[in-house]
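Below: one structure, written as structure tokens.
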Amino acid sequence: MLRTILLILFFTGLSIRLLATHIVGGEITYRCLGDDNYEITLTVYRDCYNGVPWFDQPARVGVYEKGSDSVLVRNLALAYNAFSNDTLPIQLNNPCLTVPPDVCVHKATYKTIVNLPYNPNGYILVYQRCCRNRLIRNLPDPLNTGISFITEISAQSQLECNNAATFINWPPVAICVHQPLDFDHAASDPDGDSLAYRLCTPLNGPDSLRPIPNPPLAPPYQELIWLDPPYNLMNILGGDPLVIDPITGFMTGVPNIIGNFVVGVCVDEFRNGSLLSTTRRDFQYNVADCGEPNAAFFLPEVICDTLGVQFINQSTNSDLFRWYFDWENPTGPSSTDFSPFFTYPDTGMYTVALIAAPGLPCADTFLQTIHLVSTGLLLQITADPEEIMAGDSSFLLADLPGAIQYTWAPNNTLSNPGVADPFAFPTQTTTYTVTALLPNGCKQTGSVTIAVPPPICAEPLIFLPTGFSPNGDGENDELKLESSLVISSVYWAVFNRWGEKIFEATQLTDTWDGTYKGQAQPAETYGYYLRVVCGEGQPVYVKKGNVTLLR
């Protein structure tokens with residue numbers, strides 16, 4: 001039983017490890033070398049960021065006899081060549097657009113030579129993998145949707161030593177939402193055959209239960225299912241539908257939805273009017289927000305009592321900037337820093353300009369006028385007194401000539417935080433900050449601290465009476481320690497004239513009723529020992545004294 005469970009766990013883990021969520025697309029083609037020899041080329045593209053695992057080593061390509069029985073002729077193992085691994089560049093045809101982040105595609109090319117004797121039924125070659133990228137939007141279940149790259153070598157292709165048409169360029173890794181898509185899917189054909197282009201639905205493949213079949217599964221191969229509505233072959237991306245010129249292979253469209261989308265392009269090869277071969281391309285368009293430059297920065301309109309200004313750049317979709325600190329002066333100072341600091345020569349009005357993407361046709365300019373003002377005034381703040389005990393108050397006073405508004409903080413221990421002269425009653429040491437506003441918009445800020453020392457852990461805040469009368473009259477019937485402090489620990493004990501301990505307490509609420517072992521004690525004077533700890537940083541309070549028991 002244990003062995004069975006371990007085998008189940010092993011094969012489950014193996015299936016998860018082999019499951020690929022990295023496939024972006026690819027294609028398979030052939031080239032006739034003569035004497036029934038063919039060079040097979042498999043190109044696979046993977047997502048660098050959002051998928052696992054790495055490229056297959058080796059990649060399995062099944063060769064089937066075409067027909068109702070679909071007999072497996074060869075199971076090819078194409079070795080991975082690390083030198084064929086390449087990261088595709090992200091190229092945007094508009095310099096004003098920004099390359100989207102986290103977009104990366106790797107390419108690997110596998111090649112092998114195989115001898116395939118003439119077969120009147122022809123051959124189908126297939127590479128299969130599961131699964132597709134999890135970010136795909138136009139499929140209902142991409143993580144359980146596989147891929148089949150196929151090519152057919154017909155009887156006529158064998159007799160005439162035909163070569164498959166080969167696409168020249170791989171589509172762009174990323175395209176921009178709401179921007180026209182223009183890409184040439186043209187293919188080359190060394191035999192000079194006529195080529196016709198069309199959009200086609202990519203083929204499905206194995207599922208997540210058997211992600212990498214060895215050998216690849218036999219035909220026929222089903223087309224994948226679109227997430228319809230809204231996506232189908234007539235509306236692959238959403239937005240203006242993709243259109244491909246059947247003669248040139250030039251594709252156009254305008255995507256209006258951000259995301260990853262599976263696309264299929266087929267090129268049919270005709271000779272003397274007869275279909276000879278079809279090359280299928282299965283790929284993804286990554287539609288991203290490429291955004292045009294937008295210049296922006298933050299700065300108060302009025303800057304007071306300083307000539308040095310720190311500019312805060314809030315621009316988006318640009319890495320190039322030029323600042324003009326006095327826009328109306330053509331030869332004035334400028335900077336290419338992201339957020340520069342500049343010292344003006346004098347007070348006055350200045351127009352500041354920030355240009356994002358300077359020199360490009362999409363350059364964006366943001367202007368703001370600032371006013372540098374010198375008030376020549378100084379905010380005065382006092383507290384009377386500067387040290388109080390908890391429960392007392394202090395008189396605060398802020399004075400800035402001409403100020404029209406005062407704002408104090410924190411405000412929860414102030415009589416009125418919106419006046420120049422509030423009363424403060426903090427229970428612990430507190431720093432109060434006040435901001436004074438002038439009619440021209442200038443502000444000055446200052447602060448003052450009121451010290452509130454912690455209460456002393458001693459008398460009179462700790463009090464043990466010198467006498468009590470446990471006679472049942474309801475007045476002073478018990479001896480009890482009194483304190484208004486927050487006490488961490490307490491201990492006090494009572495001793496009779498012979499030094500015998502007849503009572504002890506460890507809680508502030510403990511009381512002595514004048515008895516010992518259930519017996520009323522005589523009226524006389526008793527000694528006591530008291531030890532109190534108030535809190536961290538406070539000295540321990542210790543006292544010895546006498547208390548009189550009256551009857």
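Chains: A, B, ... in order of the structure tokens. Residues: from 1 per chain. Ligands: from 1, in order shown.
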
- Task: Fewer than 6 positions away in the same chain doesn't count, so skip those; otherwise give me all residues within 9 Å of segment 255-267 of chain A, counting only C-alpha atoms, as an MDAnalysis selection string.
- Result: chainID A and resid 24:25 133 135:139 165:167 175:181 185:187 195:203 233 236:242 244 246 249 277:289

Just-selected residues, C-alpha atoms written as a PDB file, in the first residue's frame:
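Okay, out08.pdb is ready:
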ATOM      1  CA  VAL A  24       4.584  31.563 -26.491  1.00  0.00           C
ATOM      2  CA  GLY A  25       4.569  30.031 -29.973  1.00  0.00           C
ATOM      3  CA  ASN A 133       0.923  31.011 -20.980  1.00  0.00           C
ATOM      4  CA  LEU A 135      -1.859  35.311 -19.051  1.00  0.00           C
ATOM      5  CA  ILE A 136      -3.635  34.546 -22.353  1.00  0.00           C
ATOM      6  CA  ARG A 137      -7.004  36.309 -22.582  1.00  0.00           C
ATOM      7  CA  ASN A 138      -8.652  34.880 -25.708  1.00  0.00           C
ATOM      8  CA  LEU A 139      -8.635  31.218 -24.587  1.00  0.00           C
ATOM      9  CA  ALA A 165       7.726  28.060 -47.096  1.00  0.00           C
ATOM     10  CA  THR A 166       9.501  29.744 -44.172  1.00  0.00           C
ATOM     11  CA  PHE A 167       8.406  32.915 -42.420  1.00  0.00           C
ATOM     12  CA  ILE A 175       2.531  45.828 -29.327  1.00  0.00           C
ATOM     13  CA  CYS A 176       0.827  48.915 -27.937  1.00  0.00           C
ATOM     14  CA  VAL A 177      -2.830  49.253 -27.053  1.00  0.00           C
ATOM     15  CA  HIS A 178      -4.770  51.767 -29.194  1.00  0.00           C
ATOM     16  CA  GLN A 179      -1.824  51.992 -31.603  1.00  0.00           C
ATOM     17  CA  PRO A 180      -1.941  50.750 -35.224  1.00  0.00           C
ATOM     18  CA  LEU A 181      -0.385  47.324 -35.731  1.00  0.00           C
ATOM     19  CA  HIS A 185       4.345  38.119 -42.062  1.00  0.00           C
ATOM     20  CA  ALA A 186       5.911  37.440 -45.442  1.00  0.00           C
ATOM     21  CA  ALA A 187       7.522  34.046 -46.022  1.00  0.00           C
ATOM     22  CA  LEU A 195       2.187  31.865 -51.497  1.00  0.00           C
ATOM     23  CA  ALA A 196      -1.187  32.818 -50.030  1.00  0.00           C
ATOM     24  CA  TYR A 197      -1.619  34.116 -46.467  1.00  0.00           C
ATOM     25  CA  ARG A 198      -4.559  33.807 -44.091  1.00  0.00           C
ATOM     26  CA  LEU A 199      -5.451  33.987 -40.434  1.00  0.00           C
ATOM     27  CA  CYS A 200      -5.977  30.498 -39.026  1.00  0.00           C
ATOM     28  CA  THR A 201      -6.900  28.995 -35.683  1.00  0.00           C
ATOM     29  CA  PRO A 202      -3.870  27.433 -33.958  1.00  0.00           C
ATOM     30  CA  LEU A 203      -3.968  23.746 -33.114  1.00  0.00           C
ATOM     31  CA  LEU A 233     -10.977  34.121 -35.714  1.00  0.00           C
ATOM     32  CA  ILE A 236      -8.723  37.733 -32.190  1.00  0.00           C
ATOM     33  CA  LEU A 237      -7.557  40.759 -30.159  1.00  0.00           C
ATOM     34  CA  GLY A 238     -10.691  42.795 -29.653  1.00  0.00           C
ATOM     35  CA  GLY A 239     -10.820  46.230 -31.264  1.00  0.00           C
ATOM     36  CA  ASP A 240     -10.285  46.741 -34.970  1.00  0.00           C
ATOM     37  CA  PRO A 241     -10.013  43.136 -36.294  1.00  0.00           C
ATOM     38  CA  LEU A 242      -6.706  41.826 -37.534  1.00  0.00           C
ATOM     39  CA  ILE A 244      -3.795  39.997 -43.343  1.00  0.00           C
ATOM     40  CA  PRO A 246      -3.480  37.281 -48.743  1.00  0.00           C
ATOM     41  CA  GLY A 249       1.225  38.681 -45.724  1.00  0.00           C
ATOM     42  CA  SER A 277       2.098  22.527 -48.498  1.00  0.00           C
ATOM     43  CA  THR A 278       1.019  24.718 -45.555  1.00  0.00           C
ATOM     44  CA  THR A 279       3.269  26.327 -42.966  1.00  0.00           C
ATOM     45  CA  ARG A 280       1.501  27.229 -39.744  1.00  0.00           C
ATOM     46  CA  ARG A 281       2.693  29.919 -37.330  1.00  0.00           C
ATOM     47  CA  ASP A 282       1.369  29.877 -33.744  1.00  0.00           C
ATOM     48  CA  PHE A 283       2.307  32.952 -31.685  1.00  0.00           C
ATOM     49  CA  GLN A 284       1.179  35.512 -29.109  1.00  0.00           C
ATOM     50  CA  TYR A 285       0.693  39.238 -29.242  1.00  0.00           C
ATOM     51  CA  ASN A 286       1.477  40.909 -25.899  1.00  0.00           C
ATOM     52  CA  VAL A 287      -0.683  44.054 -25.925  1.00  0.00           C
ATOM     53  CA  ALA A 288       0.613  46.597 -23.401  1.00  0.00           C
ATOM     54  CA  ASP A 289       0.093  50.204 -22.403  1.00  0.00           C
TER      55      ASP A 289
END

- Message: Excluding Cys442 of chain A and its own-chain neighbours fewer than 6 positions away, which residues fall within 9 Å of it when counting only C-alpha atoms? Please give them as a ChimeraX atom specification.
- Response: /A:302-305,373,375,436

Kindly export the residues of the current selection with C-alpha atoms, as a short mmCIF file (atom, residue, chain, number, x, y, z; two decimals), in the first residue's frame.
data_model
loop_
_atom_site.label_atom_id
_atom_site.label_comp_id
_atom_site.auth_asym_id
_atom_site.auth_seq_id
_atom_site.Cartn_x
_atom_site.Cartn_y
_atom_site.Cartn_z
CA VAL A 302 4.59 80.63 -3.42
CA ILE A 303 8.04 79.83 -1.97
CA CYS A 304 9.05 81.89 1.00
CA ASP A 305 12.31 83.01 2.57
CA VAL A 373 9.05 85.88 -1.58
CA THR A 375 8.94 88.08 4.29
CA ALA A 436 1.28 80.44 10.71
#

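Those residues that approach Leu299 of chain A to within 9 Å, counting only C-alpha atoms, are Val309, Gln310, Phe311, Ile312, Gln368 and Ile370 of chain A; same-chain residues fewer than 6 positions away are not listed.
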
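Of note, atom CA of Pro465 of chain A and atom CA of Asp392 of chain A are spaced 27.0 Å apart.
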
- Any chance you could list, as a VMD selection string, the residues in segment 117-360 of chain A that come up helix (DSSP H, G or I) when DSSP is run on the backbone? chain A and resid 142 to 144 155 to 159

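Proximity to Gln507 of chain A at 10 Å, evaluated using only C-alpha atoms and with sequence-adjacent residues fewer than 3 positions away removed, yields Leu481, Ile487, Ser488, Ser489, Val490, Tyr491, Trp492, Glu504, Asp510 and Thr511 of chain A.
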
- Task: Show which residues sit within 7 Å of segment 110-123 of chain A, as a PyMOL selection string. Count only C-alpha atoms, and ignore same-chain residues fewer than 5 positions away.
- Result: chain A and resi 36-43+63-67+78-81+152-155+158

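Using only C-alpha atoms, the residues found no farther than 10 Å from Phe321 of chain A, other than those of its own chain fewer than 4 positions away, are Ala295, Asn313, Ser315, Ser335, Thr336, Asp337, Phe338, Ser339, Leu354, Ile355, Ala356, Ala357, Pro358, Gly359, Ala363, Asp364 and Thr365 of chain A.
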
- For each of A:Val419, A:Arg551, A:Asp245, A:Pro439, take the minimum atom-to-atom distance to Glu475 of chain A, counting only C-alpha atoms, then give the residue where this is smallest. A:Arg551

- Task: Write out as a PyMOL selection string all residues of segment 57-246 of chain A that backbone DSSP assigns to strand (DSSP E).
- Result: chain A and resi 59-65+72-78+86-87+105-115+123-129+147-153+166-167+174-176+181-184+187-188+194-199+239-244

Dump of C-alpha atoms for the selected residues, as a PDB file, in the first residue's frame:
ATOM      1  CA  ALA A  59      12.471  18.128 -28.199  1.00  0.00           C
ATOM      2  CA  ARG A  60      10.411  15.204 -29.498  1.00  0.00           C
ATOM      3  CA  VAL A  61       9.031  15.335 -33.051  1.00  0.00           C
ATOM      4  CA  GLY A  62       6.785  12.515 -34.198  1.00  0.00           C
ATOM      5  CA  VAL A  63       6.670  11.469 -37.865  1.00  0.00           C
ATOM      6  CA  TYR A  64       3.376   9.831 -38.819  1.00  0.00           C
ATOM      7  CA  GLU A  65       2.215   8.304 -42.056  1.00  0.00           C
ATOM      8  CA  LEU A  72       4.138   6.274 -36.241  1.00  0.00           C
ATOM      9  CA  VAL A  73       7.159   6.086 -38.542  1.00  0.00           C
ATOM     10  CA  ARG A  74       9.831   7.865 -36.502  1.00  0.00           C
ATOM     11  CA  ASN A  75      10.112   9.439 -33.051  1.00  0.00           C
ATOM     12  CA  LEU A  76      12.819  12.059 -33.481  1.00  0.00           C
ATOM     13  CA  ALA A  77      14.831  13.487 -30.581  1.00  0.00           C
ATOM     14  CA  LEU A  78      16.043  16.970 -31.497  1.00  0.00           C
ATOM     15  CA  ASP A  86      18.299  34.103 -28.160  1.00  0.00           C
ATOM     16  CA  THR A  87      16.345  36.852 -26.393  1.00  0.00           C
ATOM     17  CA  VAL A 105      10.688  36.185 -25.097  1.00  0.00           C
ATOM     18  CA  HIS A 106      13.411  33.571 -25.663  1.00  0.00           C
ATOM     19  CA  LYS A 107      13.832  31.658 -28.930  1.00  0.00           C
ATOM     20  CA  ALA A 108      15.394  28.233 -29.428  1.00  0.00           C
ATOM     21  CA  THR A 109      15.950  26.522 -32.785  1.00  0.00           C
ATOM     22  CA  TYR A 110      16.235  22.740 -33.114  1.00  0.00           C
ATOM     23  CA  LYS A 111      17.498  21.048 -36.287  1.00  0.00           C
ATOM     24  CA  THR A 112      17.951  17.464 -37.425  1.00  0.00           C
ATOM     25  CA  ILE A 113      18.221  15.476 -40.663  1.00  0.00           C
ATOM     26  CA  VAL A 114      15.964  12.505 -41.250  1.00  0.00           C
ATOM     27  CA  ASN A 115      15.586  10.041 -44.128  1.00  0.00           C
ATOM     28  CA  TYR A 123       3.926  12.338 -43.767  1.00  0.00           C
ATOM     29  CA  ILE A 124       2.800  14.548 -40.890  1.00  0.00           C
ATOM     30  CA  LEU A 125       5.478  15.867 -38.520  1.00  0.00           C
ATOM     31  CA  VAL A 126       4.372  17.131 -35.092  1.00  0.00           C
ATOM     32  CA  TYR A 127       5.848  18.712 -31.941  1.00  0.00           C
ATOM     33  CA  GLN A 128       3.528  18.935 -28.920  1.00  0.00           C
ATOM     34  CA  ARG A 129       3.608  20.563 -25.522  1.00  0.00           C
ATOM     35  CA  ILE A 147       0.164  23.281 -28.589  1.00  0.00           C
ATOM     36  CA  SER A 148       0.731  21.249 -31.740  1.00  0.00           C
ATOM     37  CA  PHE A 149       3.200  22.518 -34.337  1.00  0.00           C
ATOM     38  CA  ILE A 150       2.780  20.471 -37.533  1.00  0.00           C
ATOM     39  CA  THR A 151       4.011  20.325 -41.087  1.00  0.00           C
ATOM     40  CA  GLU A 152       2.967  17.954 -43.878  1.00  0.00           C
ATOM     41  CA  ILE A 153       5.157  16.434 -46.564  1.00  0.00           C
ATOM     42  CA  THR A 166       9.501  29.744 -44.172  1.00  0.00           C
ATOM     43  CA  PHE A 167       8.406  32.915 -42.420  1.00  0.00           C
ATOM     44  CA  ALA A 174       5.032  43.583 -27.621  1.00  0.00           C
ATOM     45  CA  ILE A 175       2.531  45.828 -29.327  1.00  0.00           C
ATOM     46  CA  CYS A 176       0.827  48.915 -27.937  1.00  0.00           C
ATOM     47  CA  LEU A 181      -0.385  47.324 -35.731  1.00  0.00           C
ATOM     48  CA  ASP A 182       1.578  46.918 -38.950  1.00  0.00           C
ATOM     49  CA  PHE A 183       3.676  43.787 -39.441  1.00  0.00           C
ATOM     50  CA  ASP A 184       4.933  41.864 -42.441  1.00  0.00           C
ATOM     51  CA  ALA A 187       7.522  34.046 -46.022  1.00  0.00           C
ATOM     52  CA  SER A 188      10.210  32.921 -48.427  1.00  0.00           C
ATOM     53  CA  SER A 194       2.917  30.996 -55.127  1.00  0.00           C
ATOM     54  CA  LEU A 195       2.187  31.865 -51.497  1.00  0.00           C
ATOM     55  CA  ALA A 196      -1.187  32.818 -50.030  1.00  0.00           C
ATOM     56  CA  TYR A 197      -1.619  34.116 -46.467  1.00  0.00           C
ATOM     57  CA  ARG A 198      -4.559  33.807 -44.091  1.00  0.00           C
ATOM     58  CA  LEU A 199      -5.451  33.987 -40.434  1.00  0.00           C
ATOM     59  CA  GLY A 239     -10.820  46.230 -31.264  1.00  0.00           C
ATOM     60  CA  ASP A 240     -10.285  46.741 -34.970  1.00  0.00           C
ATOM     61  CA  PRO A 241     -10.013  43.136 -36.294  1.00  0.00           C
ATOM     62  CA  LEU A 242      -6.706  41.826 -37.534  1.00  0.00           C
ATOM     63  CA  VAL A 243      -6.516  41.715 -41.322  1.00  0.00           C
ATOM     64  CA  ILE A 244      -3.795  39.997 -43.343  1.00  0.00           C
TER      65      ILE A 244
END

- Please identify all polymer residues within 8 Å of Ala390 of chain A, counting only C-alpha atoms, omitting same-chain residues fewer than 6 positions from it, and present them as a list in words. Phe425, Pro426, Thr427, Gln428, Val452, Pro453, Pro454 and Pro455 of chain A

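You can rank A:Ala409, A:Leu461, A:Ala383, A:Ala505 by their closest distance to Phe423 of chain A using only C-alpha atoms, and at the top of that list sits A:Ala383.
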
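For the set A:Leu209, A:Gly146, A:Val254, A:Ile502, the residue with the smallest atom-to-atom gap to Gln519 of chain A is A:Ile502, counting only C-alpha atoms.
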
- Message: I'd like the interatomic distance between atom CA of Ala398 of chain A and atom CA of Asp421 of chain A, to a tenth of an Å.
- Response: 6.4 Å

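From atom CA of Ala353 of chain A back to atom CA of Gln444 of chain A, the distance works out to 27.2 Å.
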
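Each of A:Leu276, A:Met251, A:Ile404, A:Leu437 was checked against Gln156 of chain A using only C-alpha atoms; the smallest atom-to-atom distance is that of A:Leu276.
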